[in-house]
$ cat coords-v2.csv   # CSV, C-alpha atoms
chain,number,residue,atom,x,y,z
P,49,MET,CA,-16.7,-12.9,41.2
P,50,ILE,CA,-14.8,-12.8,37.9
P,51,PRO,CA,-12.5,-15.9,37.5
P,52,GLN,CA,-8.9,-15.0,37.8
P,53,HIS,CA,-7.9,-15.8,34.2
P,54,ASN,CA,-10.7,-13.7,32.9
P,55,ALA,CA,-9.8,-10.8,35.2
P,56,LEU,CA,-6.2,-10.9,33.9
P,57,GLN,CA,-7.6,-10.8,30.3
P,58,ILE,CA,-9.7,-7.8,31.1
P,59,LEU,CA,-6.8,-5.9,32.8
P,60,ARG,CA,-4.3,-6.8,30.1
P,61,LYS,CA,-3.8,-4.0,27.5
P,62,PRO,CA,-3.2,-5.0,23.9
P,63,ARG,CA,0.4,-4.9,22.8
P,64,ILE,CA,0.7,-2.8,19.7
P,65,ALA,CA,3.9,-2.5,17.5
P,66,LEU,CA,4.3,0.9,16.0
P,67,LEU,CA,6.5,1.1,12.9
P,68,ALA,CA,7.5,4.7,12.0
P,69,THR,CA,8.6,5.4,8.4
P,70,GLY,CA,8.7,9.3,8.4
P,71,GLY,CA,6.2,11.4,6.4
P,72,THR,CA,4.3,14.6,7.2
P,73,ILE,CA,3.0,13.1,10.4
P,74,ALA,CA,6.6,13.3,11.7
P,75,GLY,CA,7.3,16.6,9.9
P,76,THR,CA,8.3,20.0,11.4
P,77,ALA,CA,8.1,23.6,10.2
P,78,GLY,CA,9.6,26.8,11.4
P,79,SER,CA,6.2,28.2,12.4
P,80,ALA,CA,3.0,26.7,13.9
P,81,THR,CA,1.0,28.4,11.2
P,82,ASP,CA,3.0,26.9,8.3
P,83,THR,CA,1.4,23.9,6.9
P,84,ARG,CA,3.2,23.9,3.5
P,85,ASP,CA,6.9,24.7,3.9
P,86,TYR,CA,8.0,21.9,6.2
P,87,THR,CA,10.4,19.0,6.3
P,88,ALA,CA,8.9,15.5,6.6
P,89,GLY,CA,10.2,12.7,8.8
P,90,GLN,CA,12.0,14.8,11.4
P,91,LEU,CA,10.4,13.4,14.6
P,92,GLY,CA,11.0,10.0,16.0
P,93,PRO,CA,8.2,7.7,17.2
P,94,GLU,CA,8.8,8.7,20.8
P,95,ALA,CA,7.8,12.3,19.9
P,96,LEU,CA,4.7,11.1,18.1
P,97,LEU,CA,3.7,9.1,21.2
P,98,ALA,CA,4.4,11.9,23.6
P,99,ALA,CA,2.0,14.1,21.7
P,100,VAL,CA,-0.8,11.7,22.4
P,101,PRO,CA,-0.6,10.7,26.1
P,102,GLN,CA,-4.1,9.1,25.9
P,103,LEU,CA,-2.5,6.2,24.0
P,104,ALA,CA,-1.3,4.8,27.3
P,105,GLU,CA,-4.9,4.1,28.2
P,106,LEU,CA,-5.4,2.0,25.1
P,107,ALA,CA,-2.4,-0.2,24.7
P,108,ARG,CA,1.2,-1.0,25.5
P,109,ILE,CA,3.1,0.4,22.5
P,110,ASP,CA,6.5,-0.8,21.3
P,111,ALA,CA,7.8,1.8,18.8
P,112,THR,CA,10.5,1.3,16.1
P,113,GLN,CA,11.8,3.7,13.5
P,114,VAL,CA,12.1,1.6,10.4
P,115,PHE,CA,12.7,4.5,7.9
P,116,SER,CA,12.6,8.3,8.2
P,117,VAL,CA,11.7,9.5,4.7
P,118,ASP,CA,9.4,11.7,2.8
P,119,SER,CA,7.1,9.2,1.2
P,120,LYS,CA,7.7,10.7,-2.2
P,121,ASP,CA,11.1,9.0,-1.8
P,122,MET,CA,9.7,5.6,-0.9
P,123,THR,CA,10.8,2.8,-3.2
P,124,PRO,CA,9.8,-0.9,-3.7
P,125,GLN,CA,12.9,-1.8,-1.7
P,126,HIS,CA,11.4,0.0,1.3
P,127,TRP,CA,8.2,-2.0,0.7
P,128,LEU,CA,10.1,-5.3,0.8
P,129,VAL,CA,11.8,-4.4,4.1
P,130,LEU,CA,8.6,-3.2,5.6
P,131,SER,CA,6.6,-6.2,4.4
P,132,ARG,CA,9.1,-8.6,6.0
P,133,ARG,CA,9.1,-6.6,9.3
P,134,VAL,CA,5.2,-6.7,9.4
P,135,GLN,CA,5.2,-10.5,8.7
P,136,ARG,CA,7.6,-11.1,11.6
P,137,LEU,CA,5.3,-9.2,13.9
P,138,MET,CA,2.4,-11.2,12.5
P,139,ASP,CA,4.2,-14.3,13.6
P,140,ASP,CA,5.0,-12.9,17.1
P,141,PRO,CA,2.4,-14.2,19.5
P,142,ALA,CA,3.1,-11.3,21.9
P,143,VAL,CA,2.0,-8.7,19.4
P,144,ASP,CA,-1.8,-8.0,19.1
P,145,GLY,CA,-1.7,-5.4,16.4
P,146,ILE,CA,0.5,-3.3,14.1
P,147,VAL,CA,0.3,0.5,13.4
P,148,ILE,CA,2.5,2.1,10.6
P,149,THR,CA,3.0,5.8,10.3
P,150,HIS,CA,3.7,6.9,6.7
P,151,GLY,CA,3.6,9.9,4.4
P,152,THR,CA,0.5,10.5,2.3
P,153,ASP,CA,2.1,10.9,-1.1
P,154,THR,CA,2.7,7.1,-1.6
P,155,LEU,CA,0.6,5.8,1.2
P,156,GLU,CA,-1.8,3.9,-1.2
P,157,GLU,CA,1.1,2.1,-2.9
P,158,THR,CA,2.7,0.9,0.3
P,159,ALA,CA,-0.7,-0.2,1.7
P,160,CYS,CA,-1.5,-2.1,-1.5
P,161,PHE,CA,1.9,-3.9,-1.4
P,162,LEU,CA,1.5,-4.9,2.2
P,163,ASN,CA,-2.1,-6.0,1.6
P,164,ILE,CA,-1.0,-8.5,-1.0
P,165,THR,CA,2.3,-9.8,0.6
P,166,VAL,CA,1.3,-10.2,4.3
P,167,ALA,CA,-1.0,-12.8,5.6
P,168,PRO,CA,-3.3,-11.1,8.1
P,169,THR,CA,-3.7,-12.8,11.5
P,170,LYS,CA,-3.9,-9.5,13.4
P,171,PRO,CA,-4.8,-5.9,12.6
P,172,VAL,CA,-2.5,-3.8,10.4
P,173,VAL,CA,-3.4,-0.2,10.4
P,174,MET,CA,-1.6,2.6,8.5
P,175,THR,CA,-2.0,6.3,9.3
P,176,ALA,CA,-0.6,9.6,8.1
P,177,ALA,CA,-1.2,13.3,8.3
P,178,MET,CA,-1.7,16.2,5.9
P,179,ARG,CA,-0.3,18.8,8.3
P,180,PRO,CA,3.1,18.6,10.0
P,181,ALA,CA,3.3,17.8,13.7
P,182,THR,CA,4.2,21.4,14.5
P,183,ALA,CA,1.0,22.9,13.0
P,184,LEU,CA,-1.6,24.6,15.1
P,185,SER,CA,-4.2,22.1,14.0
P,186,ALA,CA,-2.1,19.1,13.3
P,187,ASP,CA,-4.2,16.1,12.3
P,188,GLY,CA,-1.5,13.5,13.1
P,189,PRO,CA,-2.2,13.1,16.8
P,190,LEU,CA,-5.9,12.2,16.4
P,191,ASN,CA,-5.1,10.0,13.4
P,192,LEU,CA,-2.5,8.1,15.4
P,193,TYR,CA,-4.9,7.7,18.4
P,194,GLN,CA,-7.6,6.3,16.1
P,195,ALA,CA,-5.2,4.0,14.3
P,196,VAL,CA,-4.0,2.5,17.6
P,197,GLU,CA,-7.6,2.2,18.8
P,198,LEU,CA,-8.5,0.3,15.6
P,199,ALA,CA,-5.4,-1.9,15.9
P,200,CYS,CA,-6.6,-3.0,19.3
P,201,ARG,CA,-9.8,-4.5,17.8
P,202,PRO,CA,-9.3,-8.2,16.7
P,203,ALA,CA,-12.1,-7.9,14.2
P,204,ALA,CA,-9.9,-5.6,12.1
P,205,ALA,CA,-7.6,-8.4,11.4
P,206,ARG,CA,-9.8,-10.0,8.7
P,207,ALA,CA,-10.1,-6.8,6.8
P,208,GLY,CA,-6.5,-6.8,5.6
P,209,VAL,CA,-4.4,-3.7,5.7
P,210,LEU,CA,-6.5,-0.6,6.7
P,211,ALA,CA,-5.7,3.1,6.8
P,212,VAL,CA,-7.1,5.5,9.3
P,213,ILE,CA,-7.1,9.2,8.3
P,214,GLY,CA,-9.5,12.0,8.8
P,215,ASP,CA,-12.0,10.0,11.0
P,216,ARG,CA,-12.3,7.4,8.3
P,217,ILE,CA,-11.3,3.8,7.9
P,218,VAL,CA,-10.2,3.0,4.3
P,219,PRO,CA,-9.2,-0.5,3.1
P,220,ALA,CA,-6.0,-0.7,1.1
P,221,ALA,CA,-7.9,-1.6,-2.1
P,222,ALA,CA,-9.9,1.6,-2.0
P,223,LEU,CA,-7.1,4.0,-0.7
P,224,ALA,CA,-6.3,6.8,-3.1
P,225,LYS,CA,-5.1,10.4,-2.5
P,226,ARG,CA,-7.5,12.7,-4.3
P,227,HIS,CA,-6.2,16.2,-3.2
P,228,PRO,CA,-2.6,17.4,-2.8
P,229,SER,CA,-3.1,19.4,0.4
P,230,ALA,CA,-6.7,19.2,1.9
P,231,VAL,CA,-7.0,17.5,5.3
P,232,ASP,CA,-9.6,15.2,3.8
P,233,ALA,CA,-7.4,14.2,0.9
P,234,PHE,CA,-8.4,10.6,1.1
P,235,ALA,CA,-12.2,11.1,1.4
P,236,PHE,CA,-14.2,8.7,-0.7
P,237,GLU,CA,-17.8,7.6,-0.9
P,238,GLY,CA,-18.7,4.7,1.3
P,239,ALA,CA,-15.7,5.0,3.7
P,240,LEU,CA,-16.3,3.6,7.2
P,241,THR,CA,-16.1,6.0,10.1
P,242,THR,CA,-13.8,5.2,13.0
P,243,LEU,CA,-16.9,4.1,14.9
P,244,ALA,CA,-17.6,1.3,12.5
P,245,SER,CA,-18.9,-2.0,14.0
P,246,ASP,CA,-16.9,-5.2,14.1
P,247,ALA,CA,-19.4,-6.7,11.5
P,248,ALA,CA,-18.7,-3.7,9.1
P,249,LEU,CA,-14.9,-4.3,9.5
P,250,GLN,CA,-15.2,-8.0,8.8
P,251,ALA,CA,-17.2,-7.3,5.7
P,252,LEU,CA,-14.1,-5.6,4.2
P,253,ALA,CA,-12.2,-8.9,4.2
P,254,PRO,CA,-10.2,-9.1,0.9
P,255,SER,CA,-10.2,-12.2,-1.3
P,256,ARG,CA,-7.8,-14.9,-0.3
P,257,TYR,CA,-6.7,-14.9,-4.0
P,258,SER,CA,-5.3,-11.4,-3.5
P,259,ARG,CA,-2.0,-12.5,-1.9
P,260,VAL,CA,1.3,-13.9,-2.9
P,261,VAL,CA,4.2,-15.2,-0.9
P,262,LEU,CA,7.6,-13.5,-1.6
P,263,PRO,CA,10.5,-16.0,-1.4
P,264,ASP,CA,12.9,-15.5,1.5
P,265,GLU,CA,15.9,-15.3,-0.8
P,266,LEU,CA,14.4,-12.3,-2.8
P,267,GLN,CA,16.7,-9.4,-2.3
P,268,HIS,CA,15.3,-6.9,-4.8
P,269,LEU,CA,11.9,-6.5,-6.4
P,270,PRO,CA,11.7,-6.5,-10.2
P,271,PRO,CA,11.6,-3.1,-12.0
P,272,VAL,CA,8.2,-2.1,-13.3
P,273,GLU,CA,7.6,1.2,-15.0
P,274,LEU,CA,4.4,3.2,-15.4
P,275,LEU,CA,3.7,5.4,-18.4
P,276,THR,CA,0.7,7.7,-18.8
P,277,VAL,CA,-0.6,7.9,-22.3
P,278,ALA,CA,-2.3,11.1,-23.4
P,279,ALA,CA,-3.6,12.3,-26.7
P,280,GLY,CA,-0.7,12.4,-29.1
P,281,SER,CA,1.9,11.0,-26.6
P,282,SER,CA,5.0,9.9,-28.5
P,283,PRO,CA,5.5,6.2,-28.8
P,284,ALA,CA,9.2,7.0,-28.5
P,285,LEU,CA,8.6,6.9,-24.7
P,286,ALA,CA,7.5,3.3,-25.0
P,287,SER,CA,10.4,2.5,-27.2
P,288,ALA,CA,12.9,3.9,-24.7
P,289,VAL,CA,11.2,2.1,-21.8
P,290,ALA,CA,11.0,-1.1,-23.9
P,291,ARG,CA,14.8,-1.0,-24.3
P,292,ALA,CA,15.5,-0.3,-20.7
P,293,LEU,CA,13.1,-3.1,-19.5
P,294,ALA,CA,14.7,-5.5,-22.0
P,295,ARG,CA,18.0,-4.9,-20.4
P,296,ALA,CA,16.6,-5.1,-16.9
P,297,GLN,CA,14.9,-8.4,-17.8
P,298,LEU,CA,18.2,-9.8,-18.9
P,299,LEU,CA,20.0,-8.6,-15.8
P,300,ASN,CA,17.4,-9.4,-13.1
P,301,GLY,CA,15.2,-12.1,-14.6
P,302,ALA,CA,12.0,-10.1,-14.5
P,303,ALA,CA,10.7,-6.6,-15.4
P,304,GLY,CA,7.3,-5.2,-16.4
P,305,LEU,CA,5.4,-2.2,-17.7
P,306,VAL,CA,2.1,-0.6,-16.8
P,307,LEU,CA,0.3,1.8,-19.2
P,308,ALA,CA,-2.3,4.3,-17.9
P,309,LEU,CA,-4.4,4.5,-21.0
P,310,PRO,CA,-7.4,6.6,-22.1
P,311,GLY,CA,-11.0,5.2,-21.6
P,312,ASN,CA,-11.3,1.4,-21.4
P,313,ALA,CA,-7.5,1.1,-21.6
P,314,SER,CA,-7.6,2.0,-25.3
P,315,LEU,CA,-4.1,1.7,-26.8
P,316,PRO,CA,-3.2,4.2,-29.6
P,317,GLU,CA,-2.3,2.3,-32.7
P,318,ALA,CA,1.0,4.3,-32.9
P,319,TRP,CA,2.1,2.7,-29.7
P,320,ARG,CA,1.6,-0.9,-30.7
P,321,PRO,CA,4.8,-1.4,-32.7
P,322,ALA,CA,6.9,-0.1,-29.8
P,323,LEU,CA,5.2,-2.4,-27.3
P,324,GLU,CA,5.7,-5.3,-29.6
P,325,GLU,CA,9.5,-4.7,-29.3
P,326,LEU,CA,9.3,-6.0,-25.7
P,327,PRO,CA,10.4,-9.6,-25.1
P,328,ASN,CA,7.5,-11.9,-24.5
P,329,ALA,CA,8.8,-12.4,-20.9
P,330,VAL,CA,8.1,-8.8,-20.1
P,331,PRO,CA,4.4,-8.4,-19.1
P,332,VAL,CA,2.6,-5.2,-20.1
P,333,VAL,CA,-0.5,-4.3,-18.0
P,334,LEU,CA,-3.1,-2.2,-19.8
P,335,ALA,CA,-4.9,0.0,-17.2
P,336,SER,CA,-7.3,2.9,-17.5
P,337,ARG,CA,-6.7,6.5,-16.5
P,338,CYS,CA,-10.3,6.5,-15.3
P,339,GLY,CA,-9.2,4.4,-12.3
P,340,GLY,CA,-10.2,0.8,-13.0
P,341,GLY,CA,-12.9,-1.4,-14.4
P,342,VAL,CA,-11.0,-2.8,-17.4
P,343,ARG,CA,-12.5,-6.2,-18.3
P,344,ARG,CA,-11.7,-6.6,-22.0
P,345,HIS,CA,-8.9,-8.6,-23.6
P,346,HIS,CA,-7.5,-6.7,-26.5
P,347,GLU,CA,-8.0,-8.4,-29.8
P,348,ASN,CA,-4.9,-9.9,-31.4
P,349,ALA,CA,-2.9,-8.8,-28.4
P,350,PRO,CA,0.4,-10.5,-27.6
P,351,ALA,CA,0.3,-13.1,-24.9
P,352,ASN,CA,2.2,-10.9,-22.4
P,353,TRP,CA,-0.4,-8.2,-22.4
P,354,LEU,CA,-2.6,-8.2,-19.3
P,355,ASP,CA,-5.7,-6.3,-18.3
P,356,ALA,CA,-5.7,-4.3,-15.1
P,357,GLY,CA,-9.2,-5.3,-14.3
P,358,ALA,CA,-10.6,-3.3,-11.3
P,359,LEU,CA,-7.2,-1.9,-10.5
P,360,ASP,CA,-6.1,1.7,-11.1
P,361,PRO,CA,-2.7,2.2,-12.7
P,362,LEU,CA,-0.8,2.7,-9.4
P,363,LYS,CA,-2.3,-0.5,-7.9
P,364,ALA,CA,-1.8,-2.4,-11.1
P,365,ARG,CA,1.9,-1.5,-10.9
P,366,VAL,CA,2.2,-2.6,-7.3
P,367,ARG,CA,0.4,-5.9,-8.1
P,368,LEU,CA,2.7,-6.6,-11.0
P,369,ILE,CA,5.8,-5.9,-8.9
P,370,ALA,CA,4.6,-8.2,-6.2
P,371,GLY,CA,3.5,-10.9,-8.6
P,372,LEU,CA,6.8,-10.9,-10.5
P,373,GLY,CA,8.7,-10.9,-7.1
P,374,ALA,CA,6.7,-14.0,-6.1
P,375,GLY,CA,7.8,-15.8,-9.3
P,376,LEU,CA,4.5,-15.6,-11.1
P,377,ARG,CA,5.0,-15.8,-14.9
P,378,GLY,CA,2.9,-16.4,-18.0
P,379,ALA,CA,-0.5,-18.0,-17.4
P,380,ARG,CA,-0.1,-17.9,-13.6
P,381,LEU,CA,0.5,-14.1,-13.7
P,382,ARG,CA,-2.5,-13.7,-16.0
P,383,ARG,CA,-4.8,-15.7,-13.7
P,384,TRP,CA,-3.7,-13.6,-10.7
P,385,PHE,CA,-4.6,-10.4,-12.5
P,386,GLU,CA,-7.9,-11.8,-13.5
P,387,ARG,CA,-8.7,-12.3,-9.8
P,388,ALA,CA,-7.8,-8.7,-8.9

$ encode --input "coords-v2.csv" --output "C-alpha cells"
Amino acid sequence: MIPQHNALQILRKPRIALLATGGTIAGTAGSATDTRDYTAGQLGPEALLAAVPQLAELARIDATQVFSVDSKDMTPQHWLVLSRRVQRLMDDPAVDGIVITHGTDTLEETACFLNITVAPTKPVVMTAAMRPATALSADGPLNLYQAVELACRPAAARAGVLAVIGDRIVPAAALAKRHPSAVDAFAFEGALTTLASDAALQALAPSRYSRVVLPDELQHLPPVELLTVAAGSSPALASAVARALARAQLLNGAAGLVLALPGNASLPEAWRPALEELPNAVPVVLASRCGGGVRRHHENAPANWLDAGALDPLKARVRLIAGLGAGLRGARLRRWFERA
C-alpha cells in the first residue's frame, strides 16, 4: 500500500504559471494557408490553452496576459517588468514551473535578460512559433505542450532559462534565430531534444557568476545602443551615438555602447577618435560580428572599453544593460564581462 502522503504527491499535478506576451504563437491570419501575412499577438492565453487540451493531463495551468506585442516591439522596459514577474513566481511556493510564450524576433534577447536577472529555483521555459495559430500546420500548439512538459520537470530548474521550439531544448546562452521564416529557425548543433534526460538538463547549468540583482527601486534600464561596423562605415555614426549617450549618461546616470565589429572585434582606426569622445563613465563593449570568442584586450585602449568575450553582439548588449541596471561600474563591470 502506498503511504497516504506519497499517494497525494503522485496524484498532484504540477502547477505551472503561463505568462503570455504575444508573438506569432498568438497570431492570426485571414487564411489557414497564409503563414506570412498575419498579425501577431491577437489571441489570449485561454485560446492558446484551448488549442492543446492535452495540457490538462500534464499540469494545472494559471495563465496571465503580461503583454500582447509583436516581439519586434519588445523593449528593455518589457524585460524589466517580465523579470520581476518571473522572480515573484519563483518566490511563490505554490508554483512549480513557469512557461513564457513570446515572439521569435527578439526571443533570444528576452531569454538572455531573464537568464541573468532571475535566480532559478524552478524551471523557466520560453516557447514561440514560426507560424501563426491559424495556420494549417501551426507549430505553436506542440511547442507549448513540450514547454509545459519540460516546466513540469524539476531537473530543468538548474539549467537556467530554456527555450523549447521545434522539438529542441535550447539554453538561453545558445539561443539565436538563424532564419527569418523557416520552422527550424533556431536549430543549432548540439541542441538537446525534448526527450533529453534529467542529467543532460542539469549539465546545462549556467555559471553562478552569470547573474546580477536588479535593485527594487530601478524604474528604467539604462540605454545601450548597438552599432554594426562594416567596411567603410562612417565614424560619424559613432560620433552621433557618442553625443546621444553622453546626454543620456548625464540624465539617467548610466548608458553604454556595443559595437559589432569585423573579425576579432577589430576596430577601424577611423572610429577610434569618435569613441574617445565618450565620457569614461560610458562603457563601450567590443564584440565580433562572427558571433563571439573575443578574448583580447585592445592595446592602448581606454579603461571603459570592454571585450564581449564569448558573447555575440546582441547578448553583449543585454548583458551590458543588465549590468548597468544592477549598478556595476568600472572594474566590477569589467570583471563581470570577463566571466561571461

$ closest_residue --input "coords-v2.csv" --among "P:Ala80, P:Ala74, P:Ala322, P:Ala104" --to "Leu184 in chain P" --atoms "all atoms listed in the file"
P:Ala80

$ atom_distance --input "coords-v2.csv" --atom1 "CA of Lys225 in chain P" --atom2 "CA of Val129 in chain P"
23.4 Å

$ closest_residue --input "coords-v2.csv" --among "P:Asp110, P:Asp85, P:Glu324, P:Asp355" --to "Val196 in chain P" --atoms "only C-alpha atoms"
P:Asp110

$ atom_distance --input "coords-v2.csv" --atom1 "CA of Thr169 in chain P" --atom2 "CA of Phe236 in chain P"
26.9 Å

$ residues_around --input "coords-v2.csv" --residues "Ala239 in chain P" --least-positions-apart "4" --cutoff "9 Å" --atoms "all atoms listed in the file" --output "ChimeraX atom specification"
/P:216-219,222,235

$ atom_distance --input "coords-v2.csv" --atom1 "CA of Arg337 in chain P" --atom2 "CA of Ala284 in chain P"
19.9 Å

$ closest_atom_pairs --input "coords-v2.csv" --of "range 226-283 of chain P" --to "range 138-152 of chain P" --cutoff "10 Å" --atoms "all atoms listed in the file" --output "JSON lines"
{"residue": "P:Pro228", "atom": "CA", "partner": "P:Thr152", "partner_atom": "CA", "distance": 9.1}
{"residue": "P:Ser229", "atom": "CA", "partner": "P:Thr152", "partner_atom": "CA", "distance": 9.8}
{"residue": "P:Ala233", "atom": "CA", "partner": "P:Thr152", "partner_atom": "CA", "distance": 8.8}
{"residue": "P:Phe234", "atom": "CA", "partner": "P:Thr152", "partner_atom": "CA", "distance": 9.0}

$ closest_residue --input "coords-v2.csv" --among "P:Ser119, P:Thr72, P:Ser336, P:Ser245" --to "Ala176 in chain P" --atoms "only C-alpha atoms"
P:Thr72

$ residues_around --input "coords-v2.csv" --residues "Arg387 in chain P" --least-positions-apart "4" --cutoff "10 Å" --atoms "all atoms listed in the file" --output "CSV table (one decimal) with C-alpha atoms, in the coordinates of the input"
chain,number,residue,atom,x,y,z
P,255,SER,CA,-10.2,-12.2,-1.3
P,256,ARG,CA,-7.8,-14.9,-0.3
P,257,TYR,CA,-6.7,-14.9,-4.0
P,258,SER,CA,-5.3,-11.4,-3.5
P,357,GLY,CA,-9.2,-5.3,-14.3
P,358,ALA,CA,-10.6,-3.3,-11.3
P,382,ARG,CA,-2.5,-13.7,-16.0
P,383,ARG,CA,-4.8,-15.7,-13.7

$ closest_residue --input "coords-v2.csv" --among "P:Leu307, P:Leu315, P:Met178, P:Leu130" --to "Asp360 in chain P" --atoms "only C-alpha atoms"
P:Leu307

$ residues_around --input "coords-v2.csv" --residues "Leu91 in chain P" --least-positions-apart "3" --cutoff "9 Å" --atoms "all atoms listed in the file" --output "number ranges by chain"
P: 70, 73-76, 88, 94-96, 116, 181

$ closest_residue --input "coords-v2.csv" --among "P:Ala159, P:Leu128, P:Ala77, P:Ala294" --to "Val212 in chain P" --atoms "all atoms listed in the file"
P:Ala159

$ closest_residue --input "coords-v2.csv" --among "P:Asp118, P:Glu273, P:Glu105, P:Glu386" --to "Leu362 in chain P" --atoms "all atoms listed in the file"
P:Glu273

$ residues_near_point --input "coords-v2.csv" --point "(-8.6, 6.9, -20.3)" --cutoff "12 Å" --atoms "all atoms listed in the file" --output "list in words"
Thr276, Val277, Ala278, Ala279, Leu307, Ala308, Leu309, Pro310, Gly311, Asn312, Ala313, Ser314, Leu315, Pro316, Leu334, Ala335, Ser336, Arg337, Cys338, Gly339, Gly340, Gly341, Val342, Asp360 and Pro361 of chain P

$ residues_around --input "coords-v2.csv" --residues "range 160-163 of chain P" --least-positions-apart "3" --cutoff "8 Å" --atoms "only C-alpha atoms" --output "list in words"
Trp127, Ser131, Glu156, Glu157, Val166, Ala167, Gly208, Val209, Ala220, Ala221, Arg259, Lys363, Val366, Arg367 and Ala370 of chain P

$ build_atoms --input "coords-v2.csv" --residues "range 243-257 of chain P" --atoms "N, CA and C atoms" --output "compact mmCIF listing (two decimals), keeping the file's coordinate frame"
# COMPACT_ATOMS: atom_id res chain seq x y z
N LEU P 243 -15.96 4.73 14.01
CA LEU P 243 -16.90 4.10 14.90
C LEU P 243 -17.55 2.85 14.33
N ALA P 244 -17.03 2.40 13.20
CA ALA P 244 -17.60 1.30 12.50
C ALA P 244 -17.68 0.02 13.40
N SER P 245 -18.74 -0.76 13.22
CA SER P 245 -18.90 -2.00 14.00
C SER P 245 -17.94 -3.06 13.58
N ASP P 246 -17.79 -4.09 14.42
CA ASP P 246 -16.90 -5.20 14.10
C ASP P 246 -17.46 -5.92 12.80
N ALA P 247 -18.78 -6.00 12.68
CA ALA P 247 -19.40 -6.70 11.50
C ALA P 247 -19.01 -5.88 10.23
N ALA P 248 -19.02 -4.56 10.30
CA ALA P 248 -18.70 -3.70 9.10
C ALA P 248 -17.21 -3.93 8.76
N LEU P 249 -16.35 -4.05 9.76
CA LEU P 249 -14.90 -4.30 9.50
C LEU P 249 -14.72 -5.63 8.81
N GLN P 250 -15.38 -6.64 9.31
CA GLN P 250 -15.20 -8.00 8.80
C GLN P 250 -15.72 -8.09 7.34
N ALA P 251 -16.68 -7.24 7.01
CA ALA P 251 -17.20 -7.30 5.70
C ALA P 251 -16.22 -6.75 4.63
N LEU P 252 -15.15 -6.12 5.11
CA LEU P 252 -14.10 -5.60 4.20
C LEU P 252 -13.10 -6.67 3.82
N ALA P 253 -13.21 -7.86 4.37
CA ALA P 253 -12.20 -8.90 4.20
C ALA P 253 -11.86 -9.08 2.71
N PRO P 254 -10.58 -8.95 2.34
CA PRO P 254 -10.20 -9.10 0.90
C PRO P 254 -10.19 -10.58 0.54
N SER P 255 -10.22 -10.82 -0.76
CA SER P 255 -10.20 -12.20 -1.30
C SER P 255 -8.89 -12.87 -0.94
N ARG P 256 -8.97 -14.16 -0.64
CA ARG P 256 -7.80 -14.90 -0.30
C ARG P 256 -6.88 -15.05 -1.57
N TYR P 257 -7.46 -14.83 -2.75
CA TYR P 257 -6.70 -14.90 -4.00
C TYR P 257 -5.82 -13.65 -4.20
